[in-house]
2 protein chains.
Amino acid sequence: MSDTDPRATRTGRPRSIAADAAILEATRASLVDLGWSKLTMSDVATRAGVAKTTLYRRWAGKNELVVDAVAVLFDELELPDRGSLAADVQGVVLQFAALLERPEARTALMAVVAESTRDDSLRHRIRSAIVDRQKRLVLLGRERAQARGELRYEDDASAAARNADLIFDVIAGAVVHRTLVSAEPVDTEWASGFTSLLLLGLAGAQAG
Amino acid sequence: MSDTDPRATRTGRPRSIAADAAILEATRASLVDLGWSKLTMSDVATRAGVAKTTLYRRWAGKNELVVDAVAVLFDELELPDRGSLAADVQGVVLQFAALLERPEARTALMAVVAESTRDDSLRHRIRSAIVDRQKRLVLLGRERAQARGELRYEDDASAAARNADLIFDVIAGAVVHRTLVSAEPVDTEWASGFTSLLLLGLAGAQAG
DNA sequence: TTCCTTACGCTACGACCCGTAGCGTAACTG
DNA sequence: CAGTTACGCTACGGGTCGTAGCGTAAGGAA
């Protein structure tokens with residue numbers, strides 16, 4: 001979570017896992033109250049009832065701390081089988097949108113992505129802690145659609161992977177852009193319009 | 001640009017427009033060298049050969065300054081008629097992607113969007129300075145496609161507006177997400193795959 | 001238990017940036 | 001000319017950063 005994690009039987013006093021939980025919780029609370037830019041390490045430490053030095057012993061800085069604090073929110077994402085590809089897409093869109101409604105996610109997500117443009121290790125951390133958690137849903141949804149006969153099984157494995165990446169960027173990108181850039185709500189109506197656009201395409205959606 | 005702009009014949013020494021240009025140029029340079037998080041007002045002032053107080057006389061802070069500094073990059077966006085809707089979409093995707101290749105845009109865009117989640121006035125500034133510049137292209141592209149007969153003219157004006165907004169979020173969102181979150185290049189191949197997905201839909205693109 | 005090792009809380013610190021006030025000077029208007 | 005506004009410069013209090021140093025707490029090993 002915080003550092004290299006050699007769970008080998010180490011000697012000495014172990015790190016308090018209660019402190020870990022308290023710090024991440026305090027980080028989310030601080031994000032809600034202050035937002036990304038005004039969040040400070042001192043404030044988080046105070047809220048968590050922990051010394052500031054303890055934070056720096058576990059996280060390199062604000063970026064890494066916030067990524068870990070927000071990552072757990074993405075564990076909530078699920079993809080129950082709603083019976084059809086369209087229903088599954090719409091469901092995941094609304095679920096992701098609900099996540100972006102949370103102020104701690106809104107203010108933190110774009111900020112850490114912005115930082116990651118100049119920090120490779122941060123980008124990898126975001127990928128494994130957040131992005132991969134979302135991409136699972138795309139792969140799962142495709143499998144189901146293929147099993148239902150709604151999508152073909154693809155021959156070329158690398159082409160299939162590229163396609164999954166494409167669809168992931170389209171879905172996640174559209175929801176994020178709608179929510180944070182256009183600052184308009186992702187309601188059922190929008191999700192339904194987006195779904196039919198994704199499934200039928202521009203001309204097809206207009207006809208149907 | 002910087003403030004309320006009552007171009008009424010004002011008395012006193014006028015603001016140096018040369019300083020404006022130097023400041024915005026210095027801001028972009030500082031973004032390239034330092035990135036968003038390490039950019040400081042003092043640094044920009046020094047680069048521009050201007051007193052720090054001059055910056056604060058024109059911009060409320062780092063957020064507003066960077067938005068204005070980056071906004072001009074979006075003036076480059078154009079939509080030459082490439083003969084078909086598909087070609088126009090692919091063209092605008094590649095053009096937007098090229099813009100996001102510039103380090104000053106990469107590091108600044110997501111950062112100011114993140115800040116805008118807690119600052120309404122900043123959000124409005126981004127909308128008028130950046131977002132609207134992009135949305136023009138969508139409207140223009142749709143007009144052309146309708147003139148070509150590739151898309152229907154829509155009866156309901158509000159539904160048409162919602163549809164344009166949807167398409168805008170899908171295109172811009174996908175490119176941004178691919179570039180900054182997935183951190184993969186938007187090359188001709190990806191743009192072509194995205195275009196056929198957008199036009200034909202999931203099933204259609206797979207068949208074709 | 002006693003030693004060894006590591007984590008913790010606390011304090012203090014230099015470095016840096018923020019945003020503003022105050023001043024004298026420069027530039028333009030009527 | 002006088003009046004008005006912008007500019008450069010300096011200085012300041014307030015805040016955050018990230019680290020060092022210390023004594024203490026909590027585990028494992030002999």
# chains A, B, ... in the order shown; residues from 1 in each chain; ligands from 1
>>> calpha_fit_rmsd(fixed="chain A", moving="chain B")
0.1 Å
>>> residues_around(residues="C:DG24", least_positions_apart="4", cutoff="12 Å", atoms="only C-alpha atoms (C1' of nucleotides)", output="PyMOL selection string")
chain D and resi 7-10
>>> closest_atom_pairs(of="chain A", to="chain D", cutoff="7 Å", atoms="only C-alpha atoms (C1' of nucleotides)", output="tab-separated table")
residue	atom	partner	partner_atom	distance
A:Thr11	CA	D:DG28	C1'	5.4
A:Gly12	CA	D:DG27	C1'	5.3
A:Arg13	CA	D:DG27	C1'	4.4
A:Pro14	CA	D:DG27	C1'	6.4
>>> interface_residues(of="chain B", to="chain A", cutoff="9 Å", atoms="only C-alpha atoms", output="MDAnalysis selection string")
chainID B and resid 35:37 103 106:118 123 126:127 131 150:152 154 162:163 165:178 180:183 190 193:194 196:207
>>> closest_atom_pairs(of="chain A", to="chain C", cutoff="12 Å", atoms="only C-alpha atoms (C1' of nucleotides)", output="Markdown table")
| residue | atom | partner | partner_atom | distance |
| --- | --- | --- | --- | --- |
| A:Arg10 | CA | C:DT6 | C1' | 8.8 |
| A:Thr11 | CA | C:DT5 | C1' | 5.9 |
| A:Gly12 | CA | C:DT6 | C1' | 4.1 |
| A:Arg13 | CA | C:DT6 | C1' | 4.9 |
| A:Pro14 | CA | C:DA7 | C1' | 6.5 |
| A:Arg15 | CA | C:DA7 | C1' | 6.0 |
| A:Ser16 | CA | C:DA7 | C1' | 8.2 |
| A:Ile17 | CA | C:DA7 | C1' | 11.6 |
| A:Ala19 | CA | C:DC8 | C1' | 10.5 |
| A:Ala45 | CA | C:DG9 | C1' | 11.4 |
| A:Thr46 | CA | C:DG9 | C1' | 11.9 |
| A:Gly49 | CA | C:DG9 | C1' | 10.1 |
| A:Val50 | CA | C:DG9 | C1' | 7.7 |
| A:Ala51 | CA | C:DG9 | C1' | 5.9 |
| A:Lys52 | CA | C:DG9 | C1' | 9.1 |
| A:Thr53 | CA | C:DG9 | C1' | 8.7 |
| A:Thr54 | CA | C:DC8 | C1' | 7.3 |
| A:Leu55 | CA | C:DC8 | C1' | 11.0 |
| A:Arg57 | CA | C:DA7 | C1' | 9.3 |
| A:Arg58 | CA | C:DA7 | C1' | 11.0 |
>>> write_last_selection(atoms="C-alpha atoms", output="tab-separated table (two decimals), in the first residue's frame")
chain	number	residue	atom	x	y	z
A	10	ARG	CA	10.67	-8.13	10.10
A	11	THR	CA	11.98	-7.29	13.50
A	12	GLY	CA	11.20	-4.23	15.53
A	13	ARG	CA	7.95	-2.44	16.15
A	14	PRO	CA	5.42	-3.02	13.37
A	15	ARG	CA	3.67	-0.19	11.65
A	16	SER	CA	0.25	0.54	13.00
A	17	ILE	CA	-2.38	-0.57	10.53
A	19	ALA	CA	-2.83	4.51	11.68
A	45	ALA	CA	-1.85	14.41	10.21
A	46	THR	CA	-3.86	16.42	12.69
A	49	GLY	CA	-4.28	12.03	15.23
A	50	VAL	CA	-0.85	11.21	13.93
A	51	ALA	CA	2.47	12.99	13.75
A	52	LYS	CA	3.35	14.57	10.43
A	53	THR	CA	6.54	12.57	10.32
A	54	THR	CA	4.52	9.38	10.32
A	55	LEU	CA	2.93	10.38	7.05
A	57	ARG	CA	7.54	7.60	6.66
A	58	ARG	CA	4.84	5.92	4.56
>>> atom_distance(atom1="atom CA of B:Gln134", atom2="atom CA of A:Leu100")
23.3 Å
>>> atom_distance(atom1="atom CA of A:Ser128", atom2="atom CA of A:Val70")
12.6 Å
>>> select_by_dssp(residues="chain A", states="helix (DSSP H, G or I)", output="VMD selection string")
chain A and resid 17 to 38 41 to 48 52 to 58 62 to 76 85 to 101 103 to 116 120 to 148 157 to 181 188 to 207
>>> atom_distance(atom1="atom CA of A:Val72", atom2="atom CA of A:Arg125")
13.1 Å
>>> residues_around(residues="B:Thr27", least_positions_apart="6", cutoff="8 Å", atoms="only C-alpha atoms (C1' of nucleotides)", output="ChimeraX atom specification")
/B:44,65-66,69
>>> decode(residues="stretch 38-84 of chain B", atoms="N, CA and C atoms", output="PDB file, in the first residue's frame")
ATOM      1  N   LYS B  38       4.924  22.900  -9.753  1.00  0.00           N
ATOM      2  CA  LYS B  38       6.101  23.653  -9.325  1.00  0.00           C
ATOM      3  C   LYS B  38       6.158  25.041  -9.942  1.00  0.00           C
ATOM      4  N   LEU B  39       5.166  25.349 -10.747  1.00  0.00           N
ATOM      5  CA  LEU B  39       5.114  26.700 -11.292  1.00  0.00           C
ATOM      6  C   LEU B  39       4.728  27.680 -10.194  1.00  0.00           C
ATOM      7  N   THR B  40       5.479  28.769 -10.085  1.00  0.00           N
ATOM      8  CA  THR B  40       5.169  29.783  -9.079  1.00  0.00           C
ATOM      9  C   THR B  40       5.005  31.134  -9.756  1.00  0.00           C
ATOM     10  N   MET B  41       4.260  31.987  -9.094  1.00  0.00           N
ATOM     11  CA  MET B  41       4.049  33.331  -9.625  1.00  0.00           C
ATOM     12  C   MET B  41       5.371  34.081  -9.710  1.00  0.00           C
ATOM     13  N   SER B  42       6.215  33.887  -8.734  1.00  0.00           N
ATOM     14  CA  SER B  42       7.506  34.570  -8.742  1.00  0.00           C
ATOM     15  C   SER B  42       8.332  34.163  -9.947  1.00  0.00           C
ATOM     16  N   ASP B  43       8.317  32.883 -10.244  1.00  0.00           N
ATOM     17  CA  ASP B  43       9.089  32.408 -11.382  1.00  0.00           C
ATOM     18  C   ASP B  43       8.582  33.021 -12.679  1.00  0.00           C
ATOM     19  N   VAL B  44       7.279  33.029 -12.843  1.00  0.00           N
ATOM     20  CA  VAL B  44       6.710  33.605 -14.061  1.00  0.00           C
ATOM     21  C   VAL B  44       7.093  35.077 -14.172  1.00  0.00           C
ATOM     22  N   ALA B  45       6.990  35.783 -13.057  1.00  0.00           N
ATOM     23  CA  ALA B  45       7.314  37.214 -13.077  1.00  0.00           C
ATOM     24  C   ALA B  45       8.754  37.429 -13.501  1.00  0.00           C
ATOM     25  N   THR B  46       9.640  36.630 -12.937  1.00  0.00           N
ATOM     26  CA  THR B  46      11.054  36.776 -13.294  1.00  0.00           C
ATOM     27  C   THR B  46      11.283  36.514 -14.777  1.00  0.00           C
ATOM     28  N   ARG B  47      10.699  35.394 -15.267  1.00  0.00           N
ATOM     29  CA  ARG B  47      10.871  35.064 -16.685  1.00  0.00           C
ATOM     30  C   ARG B  47      10.342  36.164 -17.587  1.00  0.00           C
ATOM     31  N   ALA B  48       9.231  36.756 -17.184  1.00  0.00           N
ATOM     32  CA  ALA B  48       8.604  37.768 -18.031  1.00  0.00           C
ATOM     33  C   ALA B  48       9.285  39.124 -17.890  1.00  0.00           C
ATOM     34  N   GLY B  49      10.197  39.245 -16.942  1.00  0.00           N
ATOM     35  CA  GLY B  49      10.839  40.530 -16.715  1.00  0.00           C
ATOM     36  C   GLY B  49       9.883  41.559 -16.147  1.00  0.00           C
ATOM     37  N   VAL B  50       9.068  41.080 -15.220  1.00  0.00           N
ATOM     38  CA  VAL B  50       7.973  41.891 -14.708  1.00  0.00           C
ATOM     39  C   VAL B  50       7.931  41.728 -13.204  1.00  0.00           C
ATOM     40  N   ALA B  51       7.431  42.730 -12.513  1.00  0.00           N
ATOM     41  CA  ALA B  51       7.314  42.617 -11.063  1.00  0.00           C
ATOM     42  C   ALA B  51       6.163  41.686 -10.708  1.00  0.00           C
ATOM     43  N   LYS B  52       6.318  40.984  -9.602  1.00  0.00           N
ATOM     44  CA  LYS B  52       5.287  40.035  -9.188  1.00  0.00           C
ATOM     45  C   LYS B  52       3.952  40.742  -8.969  1.00  0.00           C
ATOM     46  N   THR B  53       4.023  41.956  -8.469  1.00  0.00           N
ATOM     47  CA  THR B  53       2.773  42.688  -8.224  1.00  0.00           C
ATOM     48  C   THR B  53       1.992  42.922  -9.507  1.00  0.00           C
ATOM     49  N   THR B  54       2.699  43.043 -10.605  1.00  0.00           N
ATOM     50  CA  THR B  54       2.015  43.254 -11.886  1.00  0.00           C
ATOM     51  C   THR B  54       1.146  42.051 -12.233  1.00  0.00           C
ATOM     52  N   LEU B  55       1.621  40.864 -11.926  1.00  0.00           N
ATOM     53  CA  LEU B  55       0.809  39.681 -12.181  1.00  0.00           C
ATOM     54  C   LEU B  55      -0.489  39.727 -11.396  1.00  0.00           C
ATOM     55  N   TYR B  56      -0.367  40.082 -10.120  1.00  0.00           N
ATOM     56  CA  TYR B  56      -1.555  40.066  -9.271  1.00  0.00           C
ATOM     57  C   TYR B  56      -2.510  41.201  -9.612  1.00  0.00           C
ATOM     58  N   ARG B  57      -2.002  42.235 -10.287  1.00  0.00           N
ATOM     59  CA  ARG B  57      -2.910  43.292 -10.707  1.00  0.00           C
ATOM     60  C   ARG B  57      -3.816  42.814 -11.838  1.00  0.00           C
ATOM     61  N   ARG B  58      -3.420  41.748 -12.536  1.00  0.00           N
ATOM     62  CA  ARG B  58      -4.172  41.312 -13.720  1.00  0.00           C
ATOM     63  C   ARG B  58      -4.847  39.969 -13.534  1.00  0.00           C
ATOM     64  N   TRP B  59      -4.249  39.123 -12.753  1.00  0.00           N
ATOM     65  CA  TRP B  59      -4.854  37.808 -12.536  1.00  0.00           C
ATOM     66  C   TRP B  59      -4.993  37.540 -11.040  1.00  0.00           C
ATOM     67  N   ALA B  60      -6.063  36.867 -10.695  1.00  0.00           N
ATOM     68  CA  ALA B  60      -6.322  36.602  -9.277  1.00  0.00           C
ATOM     69  C   ALA B  60      -5.311  35.601  -8.716  1.00  0.00           C
ATOM     70  N   GLY B  61      -4.802  34.745  -9.569  1.00  0.00           N
ATOM     71  CA  GLY B  61      -3.871  33.735  -9.057  1.00  0.00           C
ATOM     72  C   GLY B  61      -3.399  32.832 -10.170  1.00  0.00           C
ATOM     73  N   LYS B  62      -2.701  31.800  -9.746  1.00  0.00           N
ATOM     74  CA  LYS B  62      -2.111  30.842 -10.674  1.00  0.00           C
ATOM     75  C   LYS B  62      -3.150  30.208 -11.601  1.00  0.00           C
ATOM     76  N   ASN B  63      -4.302  29.843 -11.059  1.00  0.00           N
ATOM     77  CA  ASN B  63      -5.311  29.169 -11.861  1.00  0.00           C
ATOM     78  C   ASN B  63      -5.709  30.001 -13.079  1.00  0.00           C
ATOM     79  N   GLU B  64      -6.133  31.207 -12.815  1.00  0.00           N
ATOM     80  CA  GLU B  64      -6.616  32.057 -13.892  1.00  0.00           C
ATOM     81  C   GLU B  64      -5.517  32.350 -14.901  1.00  0.00           C
ATOM     82  N   LEU B  65      -4.335  32.592 -14.390  1.00  0.00           N
ATOM     83  CA  LEU B  65      -3.215  32.891 -15.280  1.00  0.00           C
ATOM     84  C   LEU B  65      -2.960  31.743 -16.248  1.00  0.00           C
ATOM     85  N   VAL B  66      -2.932  30.541 -15.733  1.00  0.00           N
ATOM     86  CA  VAL B  66      -2.614  29.391 -16.576  1.00  0.00           C
ATOM     87  C   VAL B  66      -3.724  29.137 -17.595  1.00  0.00           C
ATOM     88  N   VAL B  67      -4.948  29.309 -17.183  1.00  0.00           N
ATOM     89  CA  VAL B  67      -6.033  29.127 -18.146  1.00  0.00           C
ATOM     90  C   VAL B  67      -5.843  30.049 -19.339  1.00  0.00           C
ATOM     91  N   ASP B  68      -5.581  31.306 -19.068  1.00  0.00           N
ATOM     92  CA  ASP B  68      -5.402  32.248 -20.166  1.00  0.00           C
ATOM     93  C   ASP B  68      -4.163  31.920 -20.982  1.00  0.00           C
ATOM     94  N   ALA B  69      -3.133  31.455 -20.318  1.00  0.00           N
ATOM     95  CA  ALA B  69      -1.891  31.159 -21.036  1.00  0.00           C
ATOM     96  C   ALA B  69      -2.072  29.980 -21.984  1.00  0.00           C
ATOM     97  N   VAL B  70      -2.884  29.033 -21.586  1.00  0.00           N
ATOM     98  CA  VAL B  70      -3.069  27.828 -22.395  1.00  0.00           C
ATOM     99  C   VAL B  70      -4.184  28.008 -23.422  1.00  0.00           C
ATOM    100  N   ALA B  71      -5.088  28.917 -23.157  1.00  0.00           N
ATOM    101  CA  ALA B  71      -6.269  29.059 -24.017  1.00  0.00           C
ATOM    102  C   ALA B  71      -5.882  29.339 -25.455  1.00  0.00           C
ATOM    103  N   VAL B  72      -4.865  30.130 -25.656  1.00  0.00           N
ATOM    104  CA  VAL B  72      -4.517  30.519 -27.026  1.00  0.00           C
ATOM    105  C   VAL B  72      -4.097  29.302 -27.854  1.00  0.00           C
ATOM    106  N   LEU B  73      -3.620  28.260 -27.209  1.00  0.00           N
ATOM    107  CA  LEU B  73      -3.243  27.064 -27.953  1.00  0.00           C
ATOM    108  C   LEU B  73      -4.439  26.477 -28.689  1.00  0.00           C
ATOM    109  N   PHE B  74      -5.618  26.683 -28.113  1.00  0.00           N
ATOM    110  CA  PHE B  74      -6.815  26.102 -28.700  1.00  0.00           C
ATOM    111  C   PHE B  74      -7.307  26.889 -29.904  1.00  0.00           C
ATOM    112  N   ASP B  75      -6.710  28.044 -30.138  1.00  0.00           N
ATOM    113  CA  ASP B  75      -7.078  28.784 -31.342  1.00  0.00           C
ATOM    114  C   ASP B  75      -6.577  28.078 -32.585  1.00  0.00           C
ATOM    115  N   GLU B  76      -5.580  27.233 -32.416  1.00  0.00           N
ATOM    116  CA  GLU B  76      -5.040  26.515 -33.571  1.00  0.00           C
ATOM    117  C   GLU B  76      -6.008  25.487 -34.122  1.00  0.00           C
ATOM    118  N   LEU B  77      -6.948  25.053 -33.294  1.00  0.00           N
ATOM    119  CA  LEU B  77      -7.868  23.999 -33.723  1.00  0.00           C
ATOM    120  C   LEU B  77      -8.719  24.488 -34.885  1.00  0.00           C
ATOM    121  N   GLU B  78      -8.711  23.712 -35.943  1.00  0.00           N
ATOM    122  CA  GLU B  78      -9.523  24.034 -37.110  1.00  0.00           C
ATOM    123  C   GLU B  78     -10.184  22.766 -37.612  1.00  0.00           C
ATOM    124  N   LEU B  79     -11.128  22.933 -38.501  1.00  0.00           N
ATOM    125  CA  LEU B  79     -11.785  21.773 -39.076  1.00  0.00           C
ATOM    126  C   LEU B  79     -11.909  21.943 -40.581  1.00  0.00           C
ATOM    127  N   PRO B  80     -10.827  21.721 -41.293  1.00  0.00           N
ATOM    128  CA  PRO B  80     -10.914  21.794 -42.751  1.00  0.00           C
ATOM    129  C   PRO B  80     -11.815  20.685 -43.268  1.00  0.00           C
ATOM    130  N   ASP B  81     -12.538  20.965 -44.305  1.00  0.00           N
ATOM    131  CA  ASP B  81     -13.466  19.977 -44.862  1.00  0.00           C
ATOM    132  C   ASP B  81     -12.670  18.868 -45.535  1.00  0.00           C
ATOM    133  N   ARG B  82     -12.740  17.682 -44.956  1.00  0.00           N
ATOM    134  CA  ARG B  82     -11.991  16.569 -45.504  1.00  0.00           C
ATOM    135  C   ARG B  82     -12.861  15.659 -46.363  1.00  0.00           C
ATOM    136  N   GLY B  83     -14.066  16.088 -46.615  1.00  0.00           N
ATOM    137  CA  GLY B  83     -14.873  15.388 -47.603  1.00  0.00           C
ATOM    138  C   GLY B  83     -15.884  14.407 -47.047  1.00  0.00           C
ATOM    139  N   SER B  84     -15.634  13.893 -45.840  1.00  0.00           N
ATOM    140  CA  SER B  84     -16.592  12.951 -45.263  1.00  0.00           C
ATOM    141  C   SER B  84     -16.611  13.121 -43.756  1.00  0.00           C
TER     142      SER B  84
END
